[in-house]
Structure formats: C-alpha cells, structure tokens
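Enquirer: If it helps, the file is called query.tsv and holds TSV, C-alpha atoms:
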```tsv
chain	number	residue	atom	x	y	z
A	736	MET	CA	85.17	113.64	136.71
A	737	GLU	CA	85.62	116.31	134.00
A	738	TYR	CA	88.50	116.27	131.56
A	739	SER	CA	89.87	119.10	129.50
A	740	ASN	CA	91.22	118.23	126.09
A	741	THR	CA	94.75	119.69	126.09
A	742	VAL	CA	96.23	117.23	123.59
A	743	THR	CA	98.26	119.03	120.91
A	744	GLU	CA	99.70	116.03	119.11
A	745	PHE	CA	99.56	112.24	118.80
A	746	VAL	CA	102.28	109.64	118.35
A	747	LEU	CA	101.72	107.18	115.50
A	748	LEU	CA	103.36	103.79	115.98
A	749	GLY	CA	103.12	103.08	112.26
A	750	LEU	CA	103.14	99.67	110.61
A	751	THR	CA	106.30	98.40	112.27
A	752	GLN	CA	109.03	99.50	114.70
A	753	ASP	CA	111.78	97.52	112.95
A	754	PRO	CA	114.25	99.92	111.19
A	755	GLY	CA	115.04	97.43	108.43
A	756	SER	CA	111.39	96.79	107.69
A	757	GLN	CA	110.69	100.53	107.71
A	758	LYS	CA	113.28	101.13	104.96
A	759	ALA	CA	111.84	98.33	102.83
A	760	LEU	CA	108.29	99.61	103.35
A	761	PHE	CA	109.44	103.14	102.50
A	762	VAL	CA	110.60	101.97	99.06
A	763	ILE	CA	107.46	99.86	98.51
A	764	PHE	CA	105.00	102.60	99.46
A	765	LEU	CA	106.92	105.29	97.56
A	766	LEU	CA	106.75	103.20	94.38
A	767	THR	CA	103.11	102.38	95.10
A	768	TYR	CA	102.23	106.06	95.47
A	769	LEU	CA	104.05	106.98	92.24
A	770	VAL	CA	102.24	104.21	90.34
A	771	THR	CA	98.94	105.36	91.87
A	772	MET	CA	99.38	108.96	90.79
A	773	VAL	CA	100.72	108.14	87.31
A	774	GLY	CA	98.05	105.51	86.67
A	775	ASN	CA	95.11	107.62	87.80
A	776	LEU	CA	96.26	110.84	86.14
A	777	LEU	CA	97.07	108.95	82.93
A	778	THR	CA	93.53	107.57	82.96
A	779	VAL	CA	92.13	111.09	83.37
A	780	VAL	CA	94.26	112.49	80.52
A	781	THR	CA	93.43	109.56	78.23
A	782	VAL	CA	89.66	109.88	78.71
A	783	LEU	CA	89.62	113.68	78.39
A	784	ALA	CA	91.84	113.62	75.29
A	785	SER	CA	89.96	110.83	73.49
A	786	PRO	CA	86.68	111.77	71.77
A	787	SER	CA	85.79	108.06	71.50
A	788	LEU	CA	85.58	107.85	75.29
A	789	GLY	CA	82.70	110.26	75.70
A	790	SER	CA	80.10	107.98	77.29
A	791	PRO	CA	78.96	108.54	80.91
A	792	MET	CA	80.90	105.45	82.04
A	793	TYR	CA	84.20	107.16	81.25
A	794	LEU	CA	83.07	110.41	82.84
A	795	PHE	CA	82.50	108.47	86.06
A	796	LEU	CA	85.87	106.76	85.60
A	797	VAL	CA	87.60	110.16	85.41
A	798	TYR	CA	85.93	111.18	88.65
A	799	LEU	CA	86.90	107.86	90.27
A	800	SER	CA	90.53	108.36	89.24
A	801	LEU	CA	90.54	111.86	90.73
A	802	MET	CA	88.98	110.49	93.94
A	803	ASP	CA	91.60	107.74	94.15
A	804	ALA	CA	94.48	110.16	93.56
A	805	SER	CA	93.12	112.51	96.24
A	806	TYR	CA	92.35	109.66	98.66
A	807	SER	CA	95.85	108.24	98.33
A	808	THR	CA	97.43	111.71	98.72
A	809	ALA	CA	95.53	112.23	102.00
A	810	ILE	CA	97.17	109.14	103.53
A	811	THR	CA	100.23	107.79	101.71
A	812	PRO	CA	102.67	110.77	101.75
A	813	ASN	CA	102.39	111.05	105.53
A	814	LEU	CA	102.94	107.29	105.82
A	815	ILE	CA	106.03	107.50	103.59
A	816	ILE	CA	107.50	110.38	105.60
A	817	ASP	CA	106.83	108.61	108.91
A	818	LEU	CA	108.71	105.53	107.70
A	819	LEU	CA	111.85	107.71	107.49
A	820	CYS	CA	111.39	109.40	110.87
A	821	GLY	CA	112.26	107.97	114.25
A	822	GLN	CA	109.50	109.84	116.08
A	823	LYS	CA	106.22	109.69	114.19
A	824	THR	CA	104.10	112.53	115.56
A	825	ILE	CA	101.09	114.30	114.11
A	826	SER	CA	99.50	117.45	115.47
A	827	PHE	CA	95.91	117.38	116.70
A	828	SER	CA	94.74	119.65	113.87
A	829	ALA	CA	96.60	117.60	111.24
A	830	CYS	CA	95.11	114.43	112.71
A	831	MET	CA	91.60	115.83	112.45
A	832	GLY	CA	92.34	117.05	108.92
A	833	GLN	CA	93.54	113.62	107.86
A	834	LEU	CA	90.47	112.00	109.40
A	835	PHE	CA	88.21	114.45	107.57
A	836	LEU	CA	89.88	113.96	104.16
A	837	GLU	CA	90.03	110.19	104.53
A	838	HIS	CA	86.28	109.91	105.10
A	839	LEU	CA	85.45	112.69	102.63
A	840	PHE	CA	87.07	110.94	99.67
A	841	GLY	CA	86.15	107.48	100.93
A	842	GLY	CA	82.51	108.46	101.39
A	843	ALA	CA	82.38	110.18	98.00
A	844	GLU	CA	83.80	107.03	96.38
A	845	VAL	CA	81.05	104.91	97.93
A	846	PHE	CA	78.36	107.06	96.30
A	847	LEU	CA	80.33	107.20	93.04
A	848	LEU	CA	80.53	103.40	92.84
A	849	VAL	CA	76.74	103.31	93.27
A	850	ALA	CA	76.37	105.76	90.37
A	851	MET	CA	78.70	103.66	88.22
A	852	ALA	CA	76.70	100.52	89.01
A	853	TYR	CA	73.47	102.31	87.99
A	854	ASP	CA	75.12	103.44	84.76
A	855	ARG	CA	76.10	99.83	83.92
A	856	TYR	CA	72.59	98.62	84.79
A	857	VAL	CA	70.98	101.09	82.38
A	858	ALA	CA	73.56	100.43	79.65
A	859	ILE	CA	73.13	96.65	79.73
A	860	CYS	CA	69.52	96.14	80.84
A	861	LYS	CA	67.95	99.14	79.05
A	862	PRO	CA	70.30	99.81	76.11
A	863	LEU	CA	67.62	101.40	73.90
A	864	HIS	CA	66.87	104.02	76.54
A	865	TYR	CA	70.47	104.55	77.71
A	866	ILE	CA	71.04	107.91	76.02
A	867	THR	CA	67.69	109.21	77.29
A	868	ILE	CA	68.09	108.00	80.87
A	869	MET	CA	71.81	108.74	81.29
A	870	ASN	CA	71.74	112.21	79.76
A	871	ARG	CA	74.30	114.85	80.70
A	872	GLN	CA	72.09	116.40	83.39
A	873	VAL	CA	71.62	113.05	85.15
A	874	CYS	CA	75.36	112.31	85.03
A	875	ILE	CA	76.24	115.69	86.50
A	876	LEU	CA	73.57	115.26	89.18
A	877	LEU	CA	75.01	111.87	90.18
A	878	LEU	CA	78.51	113.33	90.37
A	879	VAL	CA	77.33	116.36	92.33
A	880	VAL	CA	75.44	114.21	94.84
A	881	SER	CA	78.45	111.98	95.54
A	882	SER	CA	80.60	114.83	96.87
A	883	PRO	CA	78.03	116.23	99.37
A	884	GLY	CA	77.33	112.65	100.41
A	885	GLY	CA	80.98	112.15	101.27
A	886	PHE	CA	81.13	115.56	102.94
A	887	VAL	CA	78.17	114.86	105.23
A	888	HIS	CA	79.60	111.47	106.18
A	889	SER	CA	83.00	113.02	106.91
A	890	VAL	CA	81.62	115.90	108.98
A	891	VAL	CA	79.60	113.47	111.11
A	892	GLN	CA	82.72	111.37	111.74
A	893	LEU	CA	84.74	114.45	112.64
A	894	LEU	CA	82.12	115.77	115.06
A	895	PHE	CA	82.20	112.45	116.87
A	896	VAL	CA	85.85	112.79	117.89
A	897	TYR	CA	86.75	116.49	117.74
A	898	ASN	CA	85.49	117.39	121.22
A	899	LEU	CA	86.36	114.11	122.89
A	900	PRO	CA	88.62	114.43	125.96
A	901	PHE	CA	92.01	112.76	125.42
A	902	CYS	CA	93.85	112.46	128.69
A	903	GLY	CA	96.63	110.09	127.61
A	904	PRO	CA	98.38	108.08	126.54
A	905	ILE	CA	98.44	109.83	123.17
A	906	VAL	CA	99.96	106.89	121.32
A	907	ILE	CA	97.97	105.62	118.31
A	908	ASP	CA	98.80	102.07	117.29
A	909	HIS	CA	98.23	102.85	113.63
A	910	PHE	CA	99.86	104.63	110.67
A	911	MET	CA	97.04	107.19	110.37
A	912	CYS	CA	94.32	108.88	112.39
A	913	ASP	CA	91.12	106.87	112.20
A	914	MET	CA	87.92	106.54	114.18
A	915	TYR	CA	88.47	103.44	116.29
A	916	PRO	CA	92.07	104.17	117.37
A	917	LEU	CA	91.00	107.68	118.42
A	918	LEU	CA	87.90	106.46	120.27
A	919	GLU	CA	90.05	104.05	122.29
A	920	LEU	CA	92.26	106.96	123.43
A	921	ALA	CA	89.31	108.94	124.79
A	922	CYS	CA	88.98	109.02	128.57
A	923	THR	CA	85.20	108.77	128.49
A	924	ASP	CA	82.62	106.16	127.62
A	925	THR	CA	82.52	105.82	123.81
A	926	TYR	CA	80.05	102.94	123.57
A	927	PHE	CA	77.29	105.08	122.04
A	928	LEU	CA	79.74	106.80	119.69
A	929	GLY	CA	80.97	103.38	118.60
A	930	LEU	CA	77.44	102.37	117.67
A	931	THR	CA	76.95	105.56	115.66
A	932	VAL	CA	80.22	104.89	113.81
A	933	VAL	CA	78.95	101.41	112.95
A	934	ALA	CA	75.66	102.90	111.75
A	935	ASN	CA	77.31	105.75	109.82
A	936	GLY	CA	80.04	103.61	108.30
A	937	GLY	CA	79.81	99.86	108.59
A	938	ALA	CA	76.04	99.44	108.27
A	939	ILE	CA	75.78	101.81	105.30
A	940	CYS	CA	78.71	100.12	103.54
A	941	THR	CA	77.21	96.68	104.17
A	942	VAL	CA	73.77	97.63	102.83
A	943	ILE	CA	75.22	99.37	99.77
A	944	PHE	CA	77.61	96.47	99.11
A	945	ILE	CA	74.74	93.95	99.19
A	946	CYS	CA	72.64	96.17	96.91
A	947	LEU	CA	75.54	96.50	94.48
A	948	LEU	CA	76.07	92.73	94.39
A	949	ILE	CA	72.35	92.21	93.73
A	950	SER	CA	72.40	94.81	90.94
A	951	TYR	CA	75.40	93.17	89.30
A	952	GLY	CA	73.64	89.81	89.66
A	953	VAL	CA	70.68	91.23	87.74
A	954	ILE	CA	73.04	92.68	85.13
A	955	LEU	CA	74.92	89.41	84.65
A	956	SER	CA	71.68	87.42	84.37
A	957	SER	CA	70.47	89.78	81.63
A	958	LEU	CA	73.58	89.08	79.53
A	959	LYS	CA	71.93	85.88	78.30
A	960	THR	CA	69.85	87.96	75.88
A	961	HIS	CA	72.90	89.70	74.40
A	962	SER	CA	75.03	88.57	71.49
A	963	GLN	CA	78.19	86.63	72.29
A	964	GLU	CA	80.50	89.55	71.50
A	965	GLY	CA	78.33	92.12	73.27
A	966	GLY	CA	77.91	89.85	76.28
A	967	ARG	CA	81.65	89.28	76.52
A	968	LYS	CA	82.38	93.02	76.43
A	969	ALA	CA	79.68	93.77	79.02
A	970	LEU	CA	80.96	90.95	81.21
A	971	SER	CA	84.48	92.37	81.07
A	972	THR	CA	83.24	95.83	82.05
A	973	CYS	CA	81.09	94.49	84.88
A	974	GLY	CA	83.97	92.30	86.03
A	975	SER	CA	86.13	95.40	86.43
A	976	HIS	CA	83.43	97.15	88.45
A	977	ILE	CA	82.85	94.13	90.67
A	978	MET	CA	86.59	93.82	91.41
A	979	VAL	CA	86.78	97.49	92.38
A	980	VAL	CA	83.66	97.23	94.56
A	981	VAL	CA	84.95	94.15	96.39
A	982	LEU	CA	88.43	95.62	96.95
A	983	PHE	CA	86.94	98.78	98.42
A	984	PHE	CA	83.90	97.59	100.38
A	985	VAL	CA	85.09	94.35	101.98
A	986	PRO	CA	87.98	95.96	103.96
A	987	CYS	CA	85.74	98.91	104.91
A	988	ILE	CA	83.01	96.59	106.20
A	989	PHE	CA	85.60	94.66	108.21
A	990	MET	CA	86.95	97.88	109.73
A	991	TYR	CA	83.72	99.77	110.49
A	992	GLY	CA	81.08	97.06	110.70
A	993	ARG	CA	82.07	95.87	114.18
A	994	PRO	CA	82.05	97.40	117.69
A	995	VAL	CA	84.93	99.66	118.71
A	996	SER	CA	88.08	97.55	118.93
A	997	ASN	CA	91.63	97.61	117.64
A	998	LEU	CA	92.92	94.37	116.15
A	999	SER	CA	96.53	93.74	115.17
A	1000	VAL	CA	95.44	93.11	111.58
A	1001	ASP	CA	93.60	96.45	111.27
A	1002	LYS	CA	96.66	98.37	110.09
A	1003	PHE	CA	97.29	95.97	107.24
A	1004	ILE	CA	93.61	95.87	106.26
A	1005	SER	CA	93.67	99.68	106.17
A	1006	VAL	CA	96.62	99.54	103.76
A	1007	VAL	CA	94.42	97.62	101.31
A	1008	TYR	CA	91.72	100.28	100.85
A	1009	THR	CA	93.85	103.40	101.43
A	1010	VAL	CA	97.02	102.48	99.49
A	1011	ILE	CA	96.60	99.35	97.39
A	1012	THR	CA	93.08	99.83	95.99
A	1013	PRO	CA	93.71	103.37	94.60
A	1014	MET	CA	96.73	101.93	92.77
A	1015	LEU	CA	94.88	98.90	91.39
A	1016	ASN	CA	91.76	100.71	90.15
A	1017	PRO	CA	93.35	102.27	87.02
A	1018	LEU	CA	95.20	99.02	86.30
A	1019	ILE	CA	91.97	97.02	86.55
A	1020	TYR	CA	90.06	99.35	84.24
A	1021	THR	CA	92.94	99.76	81.78
A	1022	LEU	CA	93.82	96.08	81.48
A	1023	ARG	CA	90.20	94.88	81.27
A	1024	ASN	CA	88.83	97.67	79.06
A	1025	SER	CA	89.92	97.42	75.44
A	1026	ASP	CA	88.56	100.89	74.56
A	1027	ILE	CA	90.79	102.58	77.16
A	1028	SER	CA	93.80	100.46	76.19
A	1029	ILE	CA	93.36	101.37	72.51
A	1030	ALA	CA	92.79	105.06	73.30
A	1031	MET	CA	95.86	105.12	75.56
A	1032	THR	CA	98.00	103.48	72.86
A	1033	LYS	CA	96.80	105.97	70.23
A	1034	LEU	CA	97.47	108.87	72.59
A	1035	TRP	CA	101.05	107.80	73.24
A	1036	CYS	CA	101.69	107.02	69.57
A	1037	ARG	CA	100.44	110.49	68.70
A	1038	LYS	CA	102.69	112.04	71.34
A	1039	LEU	CA	105.75	110.10	70.12
A	1040	ALA	CA	105.01	111.13	66.53
A	1041	LEU	CA	104.79	114.81	67.54
A	1042	ASP	CA	108.05	114.53	69.51
A	1043	ARG	CA	109.83	113.02	66.53
A	1044	LEU	CA	108.41	115.74	64.28
A	1045	ARG	CA	109.72	118.45	66.61
A	1046	ILE	CA	113.16	116.81	66.66
A	1047	CYS	CA	113.22	116.67	62.85
A	1048	HIS	CA	112.24	120.34	62.58
A	1049	SER	CA	114.91	121.30	65.12
A	1050	TYR	CA	117.55	119.96	62.73
```
Write the structure described by the file as structure tokens, please.

Expert:
Amino acid sequence: MEYSNTVTEFVLLGLTQDPGSQKALFVIFLLTYLVTMVGNLLTVVTVLASPSLGSPMYLFLVYLSLMDASYSTAITPNLIIDLLCGQKTISFSACMGQLFLEHLFGGAEVFLLVAMAYDRYVAICKPLHYITIMNRQVCILLLVVSSPGGFVHSVVQLLFVYNLPFCGPIVIDHFMCDMYPLLELACTDTYFLGLTVVANGGAICTVIFICLLISYGVILSSLKTHSQEGGRKALSTCGSHIMVVVLFFVPCIFMYGRPVSNLSVDKFISVVYTVITPMLNPLIYTLRNSDISIAMTKLWCRKLALDRLRICHSY
C-alpha cells in the first residue's frame, strides 16, 4: 500500500496535561531560559573583554557558550509558549526546522567537546609544546570542523524523516520534534531507519564518550608529575570539562543508543540535555574556574566605576 504524506502539522502533548503543573513549569522554564541566556552571553562578553583570557581554552569556551545559547533557543522558547497554550500544535515545516537545529547545535557541541578535551590534553600533558601545537590556525581549524560535523549529522537525521509517510495519528507524545517520536508516527517499516539513527547518533556518542573518558583518565594520571598548585588548578579545569561531558553525553546515549522506542521517561531525560545542561555549563565553568571569576568581577567593577563616573559628571 502506498501512502502520500499530506501532514501539515503535528500535535505536541508536552510534558504534562495538568493545567496547574503547566503554569508551574512555565515559570520554571522561563527562569531557566533567562539564566541560560544571561549566563552564556555573560561568559562570552567576559572572555572577549578580558585580555588575560586569551588562551585557546577560553576561545573554545566562548564557542561552547554560543552553542548552548543557540541550542536552548531552538527548543526552550517553543516549550515555554506551549505551556501557556491549550492546543500545542507545530507545523510540519517548523517541526523539521526544530529537528534540524536541535541536531545541528547538538552535533556541533559533540565535536567541540572533543576539541576542548584535546586542548586540555596538550596543555597538561605537553605544556612545553602547548603554544606550538595549539596555535591560532589549529584552534580555528578545530572550531571550523565542529560546525560542518554538526551540519552533516543534522542533514542525515533530517533526510531520514522528511519524506516519511505520516498517515495519522499526528500526535507526538513529547514537547519537541525528535527522531524516535517521529519514526513511531510513520506508517511504514522504520526498523532500518532506527538502526541508522542508532549508528549516526547513539553509537557515535558512545564511542566519543568512552574516548573522552579515557583521555581525561590519561590527563588525570599525568597530574602526579605536576606541582601541588598546578595540579590542583588543572584538576579543577578538568573536573569542569568532565561534568559538562557527562551531563551532555549520558542523556544523549540513553536517548539514541537504543532501538526505536518511546519511554515515559524520555521527555524528562530530553529536558536534561536541551534545557538544564545549557544553563549549567556557564555556572560550572564560572564557579570552578578562578580566572573567569576574577575576570568577571573586574569587568563588573570596571562597569560600576564607569557608571558612577558618568553620574558624577552629570551633576
């Protein structure tokens, strides 16, 4: 039997159908999104405005903050709006656009975290050659590669579902358009597509996650040769990276490293890496990195001093 894809929109069931819970979640996610944007943009401004933060690590951190802000913006505003609406619908084109952006920024962040891990490896294990190895050209190359990597991953995901026949129901038991919920709505056999999603998402994330853990194991073992103060600072930096890696990869592996299926817990796991992690990343790096904390304090003190000077001149 042949099906023609005439679906123009989908219905998103969201996180909950309870009106009281929706209002509470609206406030929570609105505050979360505001903290995410302020935290990530403040990190970008602090690094760009502080000459002392000119090492490649902070260049990667700026890019990570921009990725997190963009990633959160692709998902959270639509979630916030849906929590206020009785009928949560999304057009087919908007659904495909959200799917594309979600995997574009998510895929780019995977490659960026690999680049950041390599930067830490060179800085700690080969400190004498750090400037030579991590020169400006190498840093730019690593940043440039991460975006096409995310783009290719996202395009592959989009091609999987764009031409699938959806013959109803068009109800997605989720708060966003994602691969597995969409594959379950297709009125055709998606077993092979499910395996390709696992290979393109779950398997890659699992392999990269294991490689990252091994690399950080090597880094931490090399700290024995460092001085106590240097080892403590390196351990703090690596600790921040490991926390970010775990918060991002573990939920992704759980979501995409299994055959096509929708579990009741999936929506809440998705909240972790699409909403919570982008908010926590700047907090993790700011609280655990003394250089950023000091630079941020100096920046705000300088701004307050300039504001007071303007007020005095106005009188």

Enquirer: Excluding stretch 935-937 of chain A and residues on its chain fewer than 5 positions from it, collect all residues at most 10 Å away from it, counting all atoms listed in the file, and give them as number ranges by chain.

Expert: A: 838, 842, 888-889, 891-892, 929-930, 942-943, 984, 987-994

Enquirer: What's around A:Leu776 at 12 Å? Count all atoms listed in the file, leave out sequence neighbours fewer than 5 positions away in its own chain, and write the answer as a ChimeraX atom specification.

Expert: /A:769-771,781-783,796-805,1013-1014,1016-1018

Enquirer: Can those selected residues be exported to a file as a PDB file, in the coordinates of the input so that it contains C-alpha atoms?

Expert:
```pdb
ATOM      1  CA  LEU A 769     104.050 106.980  92.240  1.00  0.00           C
ATOM      2  CA  VAL A 770     102.240 104.210  90.340  1.00  0.00           C
ATOM      3  CA  THR A 771      98.940 105.360  91.870  1.00  0.00           C
ATOM      4  CA  THR A 781      93.430 109.560  78.230  1.00  0.00           C
ATOM      5  CA  VAL A 782      89.660 109.880  78.710  1.00  0.00           C
ATOM      6  CA  LEU A 783      89.620 113.680  78.390  1.00  0.00           C
ATOM      7  CA  LEU A 796      85.870 106.760  85.600  1.00  0.00           C
ATOM      8  CA  VAL A 797      87.600 110.160  85.410  1.00  0.00           C
ATOM      9  CA  TYR A 798      85.930 111.180  88.650  1.00  0.00           C
ATOM     10  CA  LEU A 799      86.900 107.860  90.270  1.00  0.00           C
ATOM     11  CA  SER A 800      90.530 108.360  89.240  1.00  0.00           C
ATOM     12  CA  LEU A 801      90.540 111.860  90.730  1.00  0.00           C
ATOM     13  CA  MET A 802      88.980 110.490  93.940  1.00  0.00           C
ATOM     14  CA  ASP A 803      91.600 107.740  94.150  1.00  0.00           C
ATOM     15  CA  ALA A 804      94.480 110.160  93.560  1.00  0.00           C
ATOM     16  CA  SER A 805      93.120 112.510  96.240  1.00  0.00           C
ATOM     17  CA  PRO A1013      93.710 103.370  94.600  1.00  0.00           C
ATOM     18  CA  MET A1014      96.730 101.930  92.770  1.00  0.00           C
ATOM     19  CA  ASN A1016      91.760 100.710  90.150  1.00  0.00           C
ATOM     20  CA  PRO A1017      93.350 102.270  87.020  1.00  0.00           C
ATOM     21  CA  LEU A1018      95.200  99.020  86.300  1.00  0.00           C
TER      22      LEU A1018
END
```

Enquirer: At what distance in Å, to one decimal, does atom CA of A:Tyr1008 lie from atom CA of A:Phe983?

Expert: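 Straight-line distance from atom CA of A:Phe983 to atom CA of A:Tyr1008 works out to 5.6 Å.
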
Enquirer: When you draw a straight line from atom CA of A:Leu814 to atom CA of A:Phe910, how long is it in Å?

Expert: 6.3 Å

Enquirer: Considering only C-alpha atoms, can you say which of A:Asn813, A:Thr972, A:Phe846, A:Ile939 comes closest to A:Thr1021?

Expert: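 Smallest distance to A:Thr1021 is found for A:Thr972.
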